[in-house]
$ cat input.cif   # mmCIF, C-alpha atoms and all ligand atoms
data_coords
loop_
_atom_site.group_PDB
_atom_site.id
_atom_site.type_symbol
_atom_site.label_atom_id
_atom_site.label_comp_id
_atom_site.auth_asym_id
_atom_site.auth_seq_id
_atom_site.Cartn_x
_atom_site.Cartn_y
_atom_site.Cartn_z
ATOM 1 C CA VAL A 1311 -8.708 -4.842 20.695
ATOM 2 C CA ILE A 1312 -8.222 -7.967 18.580
ATOM 3 C CA GLU A 1313 -5.543 -10.209 20.066
ATOM 4 C CA LEU A 1314 -3.727 -11.987 17.257
ATOM 5 C CA VAL A 1315 -1.467 -15.002 17.051
ATOM 6 C CA VAL A 1316 0.557 -14.931 13.822
ATOM 7 C CA VAL A 1317 2.015 -18.237 12.593
ATOM 8 C CA GLY A 1318 4.936 -17.720 10.222
ATOM 9 C CA ALA A 1319 5.562 -14.372 11.934
ATOM 10 C CA ARG A 1320 9.232 -14.224 10.916
ATOM 11 C CA GLY A 1321 8.489 -14.805 7.222
ATOM 12 C CA ARG A 1322 8.220 -12.223 4.431
ATOM 13 C CA LEU A 1323 4.462 -11.857 4.797
ATOM 14 C CA GLY A 1324 4.180 -12.700 8.504
ATOM 15 C CA SER A 1325 6.620 -9.988 9.578
ATOM 16 C CA LEU A 1326 4.551 -7.427 7.643
ATOM 17 C CA VAL A 1327 1.323 -8.651 9.261
ATOM 18 C CA VAL A 1328 2.983 -8.013 12.623
ATOM 19 C CA ALA A 1329 4.296 -4.594 11.502
ATOM 20 C CA GLU A 1330 0.936 -3.453 10.102
ATOM 21 C CA ALA A 1331 -0.873 -4.642 13.255
ATOM 22 C CA GLU A 1332 1.601 -2.783 15.459
ATOM 23 C CA LYS A 1333 0.804 0.428 13.537
ATOM 24 C CA ARG A 1334 -2.791 0.088 14.770
ATOM 25 C CA PRO A 1335 -2.598 -0.478 18.553
ATOM 26 C CA ALA A 1336 -6.193 0.697 19.017
ATOM 27 C CA ASP A 1337 -7.387 -2.222 16.838
ATOM 28 C CA PHE A 1338 -4.806 -5.011 17.192
ATOM 29 C CA LYS A 1339 -2.445 -6.519 19.718
ATOM 30 C CA ILE A 1340 0.072 -9.197 18.768
ATOM 31 C CA LYS A 1341 -0.374 -11.899 21.405
ATOM 32 C CA ALA A 1342 2.212 -14.288 19.983
ATOM 33 C CA LYS A 1343 4.554 -14.622 17.005
ATOM 34 C CA LEU A 1344 5.029 -18.274 16.140
ATOM 35 C CA GLY A 1345 7.359 -20.012 13.742
ATOM 36 C CA ARG A 1346 8.632 -23.442 12.852
ATOM 37 C CA GLY A 1347 8.802 -25.752 15.869
ATOM 38 C CA ASP A 1348 6.763 -23.528 18.225
ATOM 39 C CA ALA A 1349 3.850 -25.007 20.200
ATOM 40 C CA LEU A 1350 0.477 -24.112 18.682
ATOM 41 C CA ASP A 1351 -1.018 -22.547 21.786
ATOM 42 C CA PHE A 1352 -3.928 -20.349 20.738
ATOM 43 C CA ALA A 1353 -5.890 -20.175 24.017
ATOM 44 C CA GLY A 1354 -7.223 -16.702 24.718
ATOM 45 C CA ALA A 1355 -6.517 -15.296 21.233
ATOM 46 C CA SER A 1356 -9.229 -13.435 19.291
ATOM 47 C CA ALA A 1357 -7.977 -14.819 15.958
ATOM 48 C CA VAL A 1358 -5.065 -16.695 14.378
ATOM 49 C CA ILE A 1359 -3.431 -15.602 11.113
ATOM 50 C CA ASP A 1360 -1.470 -18.403 9.448
ATOM 51 C CA VAL A 1361 0.990 -17.317 6.783
ATOM 52 C CA SER A 1362 3.536 -20.087 7.257
ATOM 53 C CA ASN A 1363 3.650 -23.158 5.069
ATOM 54 C CA ALA A 1364 1.096 -25.605 3.691
ATOM 55 C CA SER A 1365 2.674 -28.425 5.711
ATOM 56 C CA ALA A 1366 1.454 -26.707 8.900
ATOM 57 C CA THR A 1367 -2.142 -25.941 7.869
ATOM 58 C CA ALA A 1368 -3.825 -29.118 9.134
ATOM 59 C CA SER A 1369 -2.328 -28.978 12.637
ATOM 60 C CA ILE A 1370 -3.045 -25.237 12.914
ATOM 61 C CA ALA A 1371 -6.681 -25.843 11.912
ATOM 62 C CA LEU A 1372 -7.015 -28.575 14.539
ATOM 63 C CA ALA A 1373 -5.439 -26.432 17.266
ATOM 64 C CA CYS A 1374 -7.711 -23.472 16.404
ATOM 65 C CA ALA A 1375 -10.797 -25.685 16.524
ATOM 66 C CA LYS A 1376 -9.713 -27.038 19.934
ATOM 67 C CA ALA A 1377 -9.144 -23.524 21.273
ATOM 68 C CA GLY A 1378 -12.334 -22.170 19.640
ATOM 69 C CA VAL A 1379 -10.412 -19.382 17.877
ATOM 70 C CA PRO A 1380 -11.239 -18.136 14.342
ATOM 71 C CA LEU A 1381 -8.584 -18.841 11.711
ATOM 72 C CA VAL A 1382 -7.359 -16.828 8.721
ATOM 73 C CA VAL A 1383 -5.126 -18.865 6.386
ATOM 74 C CA GLY A 1384 -3.098 -17.133 3.687
ATOM 75 C CA THR A 1385 -0.824 -20.048 2.910
ATOM 76 C CA THR A 1386 -0.955 -21.339 -0.652
ATOM 77 C CA GLY A 1387 -0.256 -24.720 -2.225
ATOM 78 C CA LEU A 1388 -2.602 -26.536 0.176
ATOM 79 C CA VAL A 1389 -2.904 -30.285 -0.398
ATOM 80 C CA GLN A 1390 -6.307 -31.988 -0.209
ATOM 81 C CA ALA A 1391 -5.725 -33.153 3.397
ATOM 82 C CA ALA A 1392 -5.150 -29.542 4.486
ATOM 83 C CA VAL A 1393 -8.326 -28.390 2.749
ATOM 84 C CA ALA A 1394 -10.211 -31.212 4.497
ATOM 85 C CA ALA A 1395 -8.755 -30.119 7.862
ATOM 86 C CA LEU A 1396 -10.011 -26.571 7.236
ATOM 87 C CA ASP A 1397 -13.460 -27.956 6.370
ATOM 88 C CA ASP A 1398 -13.460 -29.995 9.605
ATOM 89 C CA ALA A 1399 -12.409 -26.997 11.686
ATOM 90 C CA ALA A 1400 -15.088 -24.855 10.019
ATOM 91 C CA ARG A 1401 -17.732 -26.982 11.750
ATOM 92 C CA SER A 1402 -16.786 -25.388 15.065
ATOM 93 C CA ILE A 1403 -14.961 -22.131 14.194
ATOM 94 C CA ALA A 1404 -14.967 -19.436 11.494
ATOM 95 C CA VAL A 1405 -12.299 -20.177 8.849
ATOM 96 C CA LEU A 1406 -11.202 -17.936 5.991
ATOM 97 C CA HIS A 1407 -8.690 -19.127 3.403
ATOM 98 C CA ALA A 1408 -7.472 -16.699 0.755
ATOM 99 C CA ALA A 1409 -4.654 -17.272 -1.706
ATOM 100 C CA ASN A 1410 -4.571 -13.505 -2.117
ATOM 101 C CA PHE A 1411 -5.418 -10.964 0.566
ATOM 102 C CA SER A 1412 -5.416 -8.076 -1.921
ATOM 103 C CA VAL A 1413 -8.848 -6.560 -2.441
ATOM 104 C CA SER A 1414 -8.166 -5.559 -6.038
ATOM 105 C CA ALA A 1415 -7.085 -9.098 -6.998
ATOM 106 C CA HIS A 1416 -10.628 -10.185 -6.206
ATOM 107 C CA VAL A 1417 -11.992 -7.349 -8.325
ATOM 108 C CA ALA A 1418 -9.682 -8.598 -11.114
ATOM 109 C CA ALA A 1419 -11.225 -12.068 -10.681
ATOM 110 C CA LYS A 1420 -14.693 -10.557 -11.166
ATOM 111 C CA LEU A 1421 -13.503 -8.847 -14.378
ATOM 112 C CA VAL A 1422 -12.067 -12.174 -15.556
ATOM 113 C CA GLY A 1423 -15.433 -13.850 -14.995
ATOM 114 C CA GLU A 1424 -17.172 -11.117 -16.974
ATOM 115 C CA ALA A 1425 -14.722 -11.336 -19.894
ATOM 116 C CA ALA A 1426 -14.859 -15.148 -19.880
ATOM 117 C CA THR A 1427 -18.620 -15.172 -20.420
ATOM 118 C CA ARG A 1428 -18.698 -12.319 -22.933
ATOM 119 C CA LEU A 1429 -15.775 -13.715 -24.948
ATOM 120 C CA ARG A 1430 -16.670 -17.400 -24.880
ATOM 121 C CA ALA A 1431 -14.699 -18.254 -28.015
ATOM 122 C CA TYR A 1432 -11.482 -16.624 -26.784
ATOM 123 C CA ASP A 1433 -8.628 -18.738 -25.467
ATOM 124 C CA VAL A 1434 -7.831 -18.040 -21.822
ATOM 125 C CA GLU A 1435 -4.260 -18.246 -20.526
ATOM 126 C CA VAL A 1436 -3.060 -17.134 -17.096
ATOM 127 C CA VAL A 1437 0.612 -16.231 -16.665
ATOM 128 C CA GLU A 1438 2.040 -15.347 -13.273
ATOM 129 C CA ALA A 1439 5.417 -14.055 -12.057
ATOM 130 C CA HIS A 1440 6.797 -14.225 -8.511
ATOM 131 C CA HIS A 1441 10.117 -13.754 -6.711
ATOM 132 C CA ARG A 1442 12.779 -16.439 -6.860
ATOM 133 C CA LEU A 1443 12.042 -17.764 -3.361
ATOM 134 C CA LYS A 1444 8.357 -18.614 -3.835
ATOM 135 C CA LYS A 1445 7.905 -22.314 -3.120
ATOM 136 C CA ASP A 1446 4.704 -23.358 -4.888
ATOM 137 C CA ALA A 1447 3.726 -22.988 -8.542
ATOM 138 C CA PRO A 1448 1.438 -21.958 -10.045
ATOM 139 C CA SER A 1449 0.422 -19.357 -7.477
ATOM 140 C CA GLY A 1450 -2.827 -19.726 -5.576
ATOM 141 C CA THR A 1451 -3.949 -16.466 -7.185
ATOM 142 C CA ALA A 1452 -3.292 -17.832 -10.692
ATOM 143 C CA LEU A 1453 -5.526 -20.787 -9.854
ATOM 144 C CA MET A 1454 -8.148 -18.431 -8.407
ATOM 145 C CA LEU A 1455 -8.163 -16.386 -11.636
ATOM 146 C CA ALA A 1456 -8.242 -19.491 -13.842
ATOM 147 C CA ASN A 1457 -11.120 -20.864 -11.785
ATOM 148 C CA ALA A 1458 -12.955 -17.533 -12.077
ATOM 149 C CA ALA A 1459 -12.896 -17.993 -15.871
ATOM 150 C CA ARG A 1460 -13.822 -21.673 -15.578
ATOM 151 C CA ASP A 1461 -16.682 -21.049 -13.145
ATOM 152 C CA ALA A 1462 -18.069 -18.237 -15.315
ATOM 153 C CA ARG A 1463 -18.075 -20.499 -18.382
ATOM 154 C CA GLN A 1464 -18.980 -23.617 -16.401
ATOM 155 C CA SER A 1465 -16.526 -25.482 -18.580
ATOM 156 C CA GLY A 1466 -12.809 -25.760 -19.318
ATOM 157 C CA GLU A 1467 -10.034 -27.905 -17.923
ATOM 158 C CA LEU A 1468 -7.061 -26.191 -16.291
ATOM 159 C CA LYS A 1469 -3.856 -26.954 -18.201
ATOM 160 C CA ARG A 1470 -0.774 -26.331 -16.058
ATOM 161 C CA GLY A 1471 2.307 -25.352 -18.023
ATOM 162 C CA ARG A 1472 3.246 -26.508 -21.497
ATOM 163 C CA ASP A 1473 6.178 -28.683 -22.426
ATOM 164 C CA GLY A 1474 6.886 -30.804 -25.476
ATOM 165 C CA ALA A 1475 4.000 -31.608 -27.792
ATOM 166 C CA SER A 1476 1.047 -29.919 -26.111
ATOM 167 C CA PRO A 1477 -1.251 -28.301 -28.652
ATOM 168 C CA ARG A 1478 -4.082 -26.250 -27.251
ATOM 169 C CA VAL A 1479 -7.266 -28.192 -26.566
ATOM 170 C CA ALA A 1480 -10.442 -26.205 -27.252
ATOM 171 C CA GLY A 1481 -11.793 -24.565 -24.109
ATOM 172 C CA GLU A 1482 -8.839 -25.340 -21.869
ATOM 173 C CA ILE A 1483 -7.521 -22.670 -19.524
ATOM 174 C CA GLY A 1484 -3.725 -22.492 -19.461
ATOM 175 C CA VAL A 1485 -1.814 -21.632 -16.283
ATOM 176 C CA SER A 1486 1.927 -20.879 -16.431
ATOM 177 C CA ALA A 1487 4.451 -19.566 -13.920
ATOM 178 C CA ILE A 1488 7.788 -17.772 -14.068
ATOM 179 C CA ARG A 1489 10.066 -17.213 -11.051
ATOM 180 C CA GLY A 1490 12.809 -14.704 -10.447
ATOM 181 C CA GLY A 1491 14.129 -11.587 -8.784
ATOM 182 C CA ASP A 1492 12.020 -9.794 -6.217
ATOM 183 C CA VAL A 1493 8.639 -9.790 -8.020
ATOM 184 C CA VAL A 1494 5.992 -9.496 -5.272
ATOM 185 C CA GLY A 1495 3.242 -10.895 -7.490
ATOM 186 C CA GLU A 1496 2.011 -10.297 -11.052
ATOM 187 C CA HIS A 1497 -0.846 -12.039 -12.811
ATOM 188 C CA THR A 1498 -1.933 -11.577 -16.412
ATOM 189 C CA VAL A 1499 -5.063 -13.206 -17.756
ATOM 190 C CA TYR A 1500 -5.057 -13.297 -21.551
ATOM 191 C CA PHE A 1501 -8.230 -13.573 -23.609
ATOM 192 C CA LEU A 1502 -6.784 -14.468 -26.982
ATOM 193 C CA GLY A 1503 -8.914 -14.058 -30.089
ATOM 194 C CA ASP A 1504 -8.148 -13.913 -33.789
ATOM 195 C CA GLY A 1505 -6.478 -10.605 -34.550
ATOM 196 C CA GLU A 1506 -6.981 -9.156 -31.048
ATOM 197 C CA ARG A 1507 -6.706 -9.867 -27.371
ATOM 198 C CA ILE A 1508 -7.534 -8.543 -23.934
ATOM 199 C CA GLU A 1509 -5.090 -8.735 -21.042
ATOM 200 C CA ILE A 1510 -6.277 -8.252 -17.479
ATOM 201 C CA VAL A 1511 -3.207 -7.560 -15.350
ATOM 202 C CA HIS A 1512 -2.891 -7.375 -11.582
ATOM 203 C CA ARG A 1513 0.427 -6.240 -10.102
ATOM 204 C CA VAL A 1514 1.369 -6.015 -6.449
ATOM 205 C CA THR A 1515 4.391 -3.819 -5.779
ATOM 206 C CA ASP A 1516 4.166 -3.725 -1.972
ATOM 207 C CA ARG A 1517 3.599 -6.877 0.094
ATOM 208 C CA ALA A 1518 2.015 -4.710 2.838
ATOM 209 C CA VAL A 1519 -1.148 -4.859 0.697
ATOM 210 C CA PHE A 1520 -1.458 -8.544 1.659
ATOM 211 C CA ALA A 1521 -0.715 -7.850 5.326
ATOM 212 C CA ARG A 1522 -3.478 -5.241 5.552
ATOM 213 C CA GLY A 1523 -5.886 -7.642 3.833
ATOM 214 C CA ALA A 1524 -5.009 -10.368 6.351
ATOM 215 C CA LEU A 1525 -5.799 -7.994 9.224
ATOM 216 C CA ALA A 1526 -9.103 -7.013 7.607
ATOM 217 C CA ALA A 1527 -9.940 -10.715 7.278
ATOM 218 C CA ALA A 1528 -9.113 -11.382 10.946
ATOM 219 C CA ALA A 1529 -11.218 -8.414 12.099
ATOM 220 C CA TYR A 1530 -14.070 -9.668 9.931
ATOM 221 C CA LEU A 1531 -13.969 -13.211 11.378
ATOM 222 C CA VAL A 1532 -14.113 -12.223 15.055
ATOM 223 C CA GLY A 1533 -17.600 -13.037 16.341
ATOM 224 C CA LYS A 1534 -18.680 -14.815 13.139
ATOM 225 C CA LYS A 1535 -20.537 -18.156 13.174
ATOM 226 C CA PRO A 1536 -18.569 -21.325 12.398
ATOM 227 C CA GLY A 1537 -18.151 -21.921 8.676
ATOM 228 C CA ARG A 1538 -16.028 -21.174 5.645
ATOM 229 C CA TYR A 1539 -15.527 -17.562 4.610
ATOM 230 C CA ALA A 1540 -13.701 -15.891 1.711
ATOM 231 C CA MET A 1541 -12.160 -12.498 0.916
ATOM 232 C CA ALA A 1542 -15.293 -11.786 -1.135
ATOM 233 C CA ASP A 1543 -17.216 -11.732 2.188
ATOM 234 C CA VAL A 1544 -14.708 -9.296 3.721
ATOM 235 C CA ILE A 1545 -14.851 -7.014 0.685
ATOM 236 C CA SER A 1546 -18.632 -6.898 0.557
ATOM 237 C CA ALA A 1547 -18.967 -6.423 4.350
HETATM 238 N N1 LIG B 1 -2.691 -14.839 0.860
HETATM 239 C C1 LIG B 1 -1.825 -13.937 0.383
HETATM 240 O O1 LIG B 1 -2.189 -12.799 0.049
HETATM 241 C C2 LIG B 1 -0.374 -14.292 0.278
HETATM 242 C C3 LIG B 1 0.560 -13.341 -0.132
HETATM 243 C C4 LIG B 1 1.932 -13.696 -0.154
HETATM 244 C C5 LIG B 1 2.302 -14.980 0.219
HETATM 245 N N2 LIG B 1 1.344 -15.887 0.581
HETATM 246 C C6 LIG B 1 1.682 -17.235 1.046
HETATM 247 O O2 LIG B 1 2.050 -17.157 2.414
HETATM 248 C C7 LIG B 1 2.986 -18.194 2.698
HETATM 249 C C8 LIG B 1 4.257 -17.596 3.300
HETATM 250 O O3 LIG B 1 4.886 -16.785 2.320
HETATM 251 P P1 LIG B 1 6.209 -15.975 2.643
HETATM 252 O O4 LIG B 1 6.637 -15.373 1.371
HETATM 253 O O5 LIG B 1 5.980 -15.100 3.831
HETATM 254 O O6 LIG B 1 7.159 -17.198 3.026
HETATM 255 P P2 LIG B 1 8.435 -17.214 3.991
HETATM 256 O O7 LIG B 1 9.129 -15.891 3.946
HETATM 257 O O8 LIG B 1 9.158 -18.457 3.631
HETATM 258 O O9 LIG B 1 7.805 -17.333 5.446
HETATM 259 C C9 LIG B 1 7.210 -18.491 5.939
HETATM 260 C C10 LIG B 1 7.432 -18.519 7.442
HETATM 261 O O10 LIG B 1 6.706 -19.628 7.978
HETATM 262 C C11 LIG B 1 7.572 -20.370 8.833
HETATM 263 N N3 LIG B 1 7.226 -21.797 8.759
HETATM 264 C C12 LIG B 1 7.522 -22.681 7.805
HETATM 265 N N4 LIG B 1 7.037 -23.888 8.108
HETATM 266 C C13 LIG B 1 6.399 -23.752 9.288
HETATM 267 C C14 LIG B 1 5.695 -24.639 10.122
HETATM 268 N N5 LIG B 1 5.560 -25.943 9.822
HETATM 269 N N6 LIG B 1 5.149 -24.145 11.265
HETATM 270 C C15 LIG B 1 5.291 -22.857 11.611
HETATM 271 N N7 LIG B 1 5.975 -21.964 10.856
HETATM 272 C C16 LIG B 1 6.519 -22.409 9.705
HETATM 273 C C17 LIG B 1 8.962 -20.128 8.312
HETATM 274 O O11 LIG B 1 9.884 -20.320 9.330
HETATM 275 P P3 LIG B 1 11.414 -20.651 8.955
HETATM 276 O O12 LIG B 1 11.999 -19.329 8.604
HETATM 277 O O13 LIG B 1 11.926 -21.223 10.241
HETATM 278 O O14 LIG B 1 11.396 -21.623 7.822
HETATM 279 C C18 LIG B 1 8.885 -18.677 7.829
HETATM 280 O O15 LIG B 1 9.173 -17.761 8.864
HETATM 281 C C19 LIG B 1 3.241 -18.914 1.360
HETATM 282 O O16 LIG B 1 2.374 -20.045 1.285
HETATM 283 C C20 LIG B 1 2.842 -17.876 0.333
HETATM 284 O O17 LIG B 1 2.455 -18.429 -0.894
HETATM 285 C C21 LIG B 1 0.033 -15.560 0.629
#

$ encode --input "input.cif" --output "structure tokens"
Amino acid sequence: VIELVVVGARGRLGSLVVAEAEKRPADFKIKAKLGRGDALDFAGASAVIDVSNASATASIALACAKAGVPLVVGTTGLVQAAVAALDDAARSIAVLHAANFSVSAHVAAKLVGEAATRLRAYDVEVVEAHHRLKKDAPSGTALMLANAARDARQSGELKRGRDGASPRVAGEIGVSAIRGGDVVGEHTVYFLGDGERIEIVHRVTDRAVFARGALAAAAYLVGKKPGRYAMADVISA
């Protein structure tokens, strides 16, 4: 049985991670549910799942490394210092960061890469929609999809939002966000040509999809060598 500590356990996603884990007592046991202000005591856990806030990532990474416990981070909007803390921790523990725990979002990213290379002359724009309470913009998934196009083409600057005079620069990859209502997460990647276009759309209607992905990631990390891992590893395992 995998003994989990969930950080951000009272949040929208964290509470579902707990609920999904509790549906599978043969596989998972919730060792601790932590939130804002709680001590980061991870000793004896099999894995930590952090779905709290980017401001907490660096200290969680440090505490996991000290305790020798693998870490799954689903928090988005990480600043450079947090990414560096994950890299540091990954020297002694297994670390997986995913802006999107949904398996099919990563399949969508593969399709985006394919379309980006086959339709080199097409303009790429990513538009995402999330609920009114989401803190960061654009979403981590929007950046993942934009980077999938960029990496496939090995060129293209990301252009975040458009306001005022901002004509399209050849090759740039636009990223825009809208916020409202209870939208769990929708991403559309447009490949805009002359007289036609392709739209690759990924819609999540049930946040439990993310919770199950987080549990799959935690199960995958247990017993793995120190280093950085991604959802792509979990999917292909
Ligand atoms: N990877 C994915 O698939 C995926 C999917 C959805 C969301 N996310 C990301 O997951 C994160 C949480 O999203 P959410 O919608 O669940 O947000 P949320 O409902 O606001 O939940 C965040 C939780 O974290 C707690 N928290 C905040 N700061 C903390 C800190 N410094 N230390 C410990 N706990 C802290 C909050 O406690 P309080 O209530 O006391 O503030 C809250 O319970 C966001 O970054 C979001 O973008 C990722």

$ resolve_selection --input "input.cif" --expression "the PyMOL selection byres (((not hetatm)) within 8 of (chain B and resi 1))" --output "ChimeraX atom specification"
/A:1317-1325,1344-1348,1360-1367,1383-1387,1407-1412,1443-1446,1449-1450,1494-1495,1517,1520-1521,1523-1524

$ atom_distance --input "input.cif" --atom1 "CA of Tyr1539 (chain A)" --atom2 "CA of Ser1486 (chain A)"
27.5 Å

$ atom_distance --input "input.cif" --atom1 "CA of Asp1492 (chain A)" --atom2 "CA of Arg1472 (chain A)"
24.3 Å

$ residues_around --input "input.cif" --residues "region 1369-1371 of chain A" --least-positions-apart "3" --cutoff "7 Å" --atoms "all atoms listed in the file" --output "count of residues only"
7

$ residues_around --input "input.cif" --residues "Gly1537 (chain A)" --least-positions-apart "2" --cutoff "6 Å" --atoms "only C-alpha atoms" --output "tab-separated table (two decimals) with C-alpha atoms, keeping the file's coordinate frame"
chain	number	residue	atom	x	y	z
A	1400	ALA	CA	-15.09	-24.86	10.02
A	1401	ARG	CA	-17.73	-26.98	11.75
A	1404	ALA	CA	-14.97	-19.44	11.49

$ resolve_selection --input "input.cif" --expression "the PyMOL selection byres (((chain A and resi 1535) around 12) and not hetatm)" --output "MDAnalysis selection string"
chainID A and resid 1378:1380 1400:1406 1530:1534 1536:1539

$ closest_residue --input "input.cif" --among "A:Arg1470, A:Phe1352, A:Leu1326, A:Ala1480" --to "Asp1516 (chain A)" --atoms "all atoms listed in the file"
A:Leu1326

$ closest_residue --input "input.cif" --among "A:Ala1529, A:Ile1545, A:Ala1391, A:Ala1459" --to "Gly1423 (chain A)" --atoms "only C-alpha atoms"
A:Ala1459

$ decode --input "input.cif" --residues "region 1505-1517 of chain A" --atoms "N, CA, C and O atoms" --output "compact mmCIF listing (two decimals), in the first residue's frame"
# COMPACT_ATOMS: atom_id res chain seq x y z
N GLY A 1505 -7.89 30.19 -45.73
CA GLY A 1505 -9.09 29.51 -46.23
C GLY A 1505 -9.43 28.23 -45.48
O GLY A 1505 -10.40 27.55 -45.82
N GLU A 1506 -8.66 27.87 -44.45
CA GLU A 1506 -8.98 26.67 -43.67
C GLU A 1506 -8.22 26.67 -42.36
O GLU A 1506 -7.27 27.44 -42.18
N ARG A 1507 -8.68 25.85 -41.44
CA ARG A 1507 -7.94 25.72 -40.19
C ARG A 1507 -8.24 24.37 -39.53
O ARG A 1507 -9.25 23.74 -39.81
N ILE A 1508 -7.31 23.98 -38.67
CA ILE A 1508 -7.53 22.81 -37.81
C ILE A 1508 -7.62 23.32 -36.38
O ILE A 1508 -6.88 24.23 -36.00
N GLU A 1509 -8.50 22.72 -35.59
CA GLU A 1509 -8.56 23.01 -34.17
C GLU A 1509 -8.42 21.70 -33.41
O GLU A 1509 -9.19 20.77 -33.64
N ILE A 1510 -7.44 21.64 -32.54
CA ILE A 1510 -7.30 20.46 -31.67
C ILE A 1510 -7.79 20.89 -30.29
O ILE A 1510 -7.24 21.83 -29.69
N VAL A 1511 -8.86 20.27 -29.83
CA VAL A 1511 -9.52 20.70 -28.59
C VAL A 1511 -9.43 19.61 -27.53
O VAL A 1511 -9.69 18.44 -27.82
N HIS A 1512 -9.07 20.01 -26.34
CA HIS A 1512 -9.10 19.09 -25.19
C HIS A 1512 -10.00 19.70 -24.12
O HIS A 1512 -9.79 20.84 -23.72
N ARG A 1513 -11.01 18.94 -23.70
CA ARG A 1513 -11.92 19.44 -22.67
C ARG A 1513 -11.96 18.48 -21.50
O ARG A 1513 -12.15 17.28 -21.71
N VAL A 1514 -11.80 19.01 -20.31
CA VAL A 1514 -12.00 18.19 -19.10
C VAL A 1514 -13.31 18.62 -18.48
O VAL A 1514 -13.55 19.81 -18.25
N THR A 1515 -14.19 17.64 -18.22
CA THR A 1515 -15.49 17.96 -17.63
C THR A 1515 -15.57 17.49 -16.18
O THR A 1515 -16.48 17.86 -15.46
N ASP A 1516 -14.60 16.65 -15.78
CA ASP A 1516 -14.61 16.11 -14.42
C ASP A 1516 -13.18 16.15 -13.87
O ASP A 1516 -12.29 15.48 -14.39
N ARG A 1517 -13.00 16.97 -12.82
CA ARG A 1517 -11.68 17.16 -12.22
C ARG A 1517 -11.08 15.85 -11.67
O ARG A 1517 -9.87 15.76 -11.45
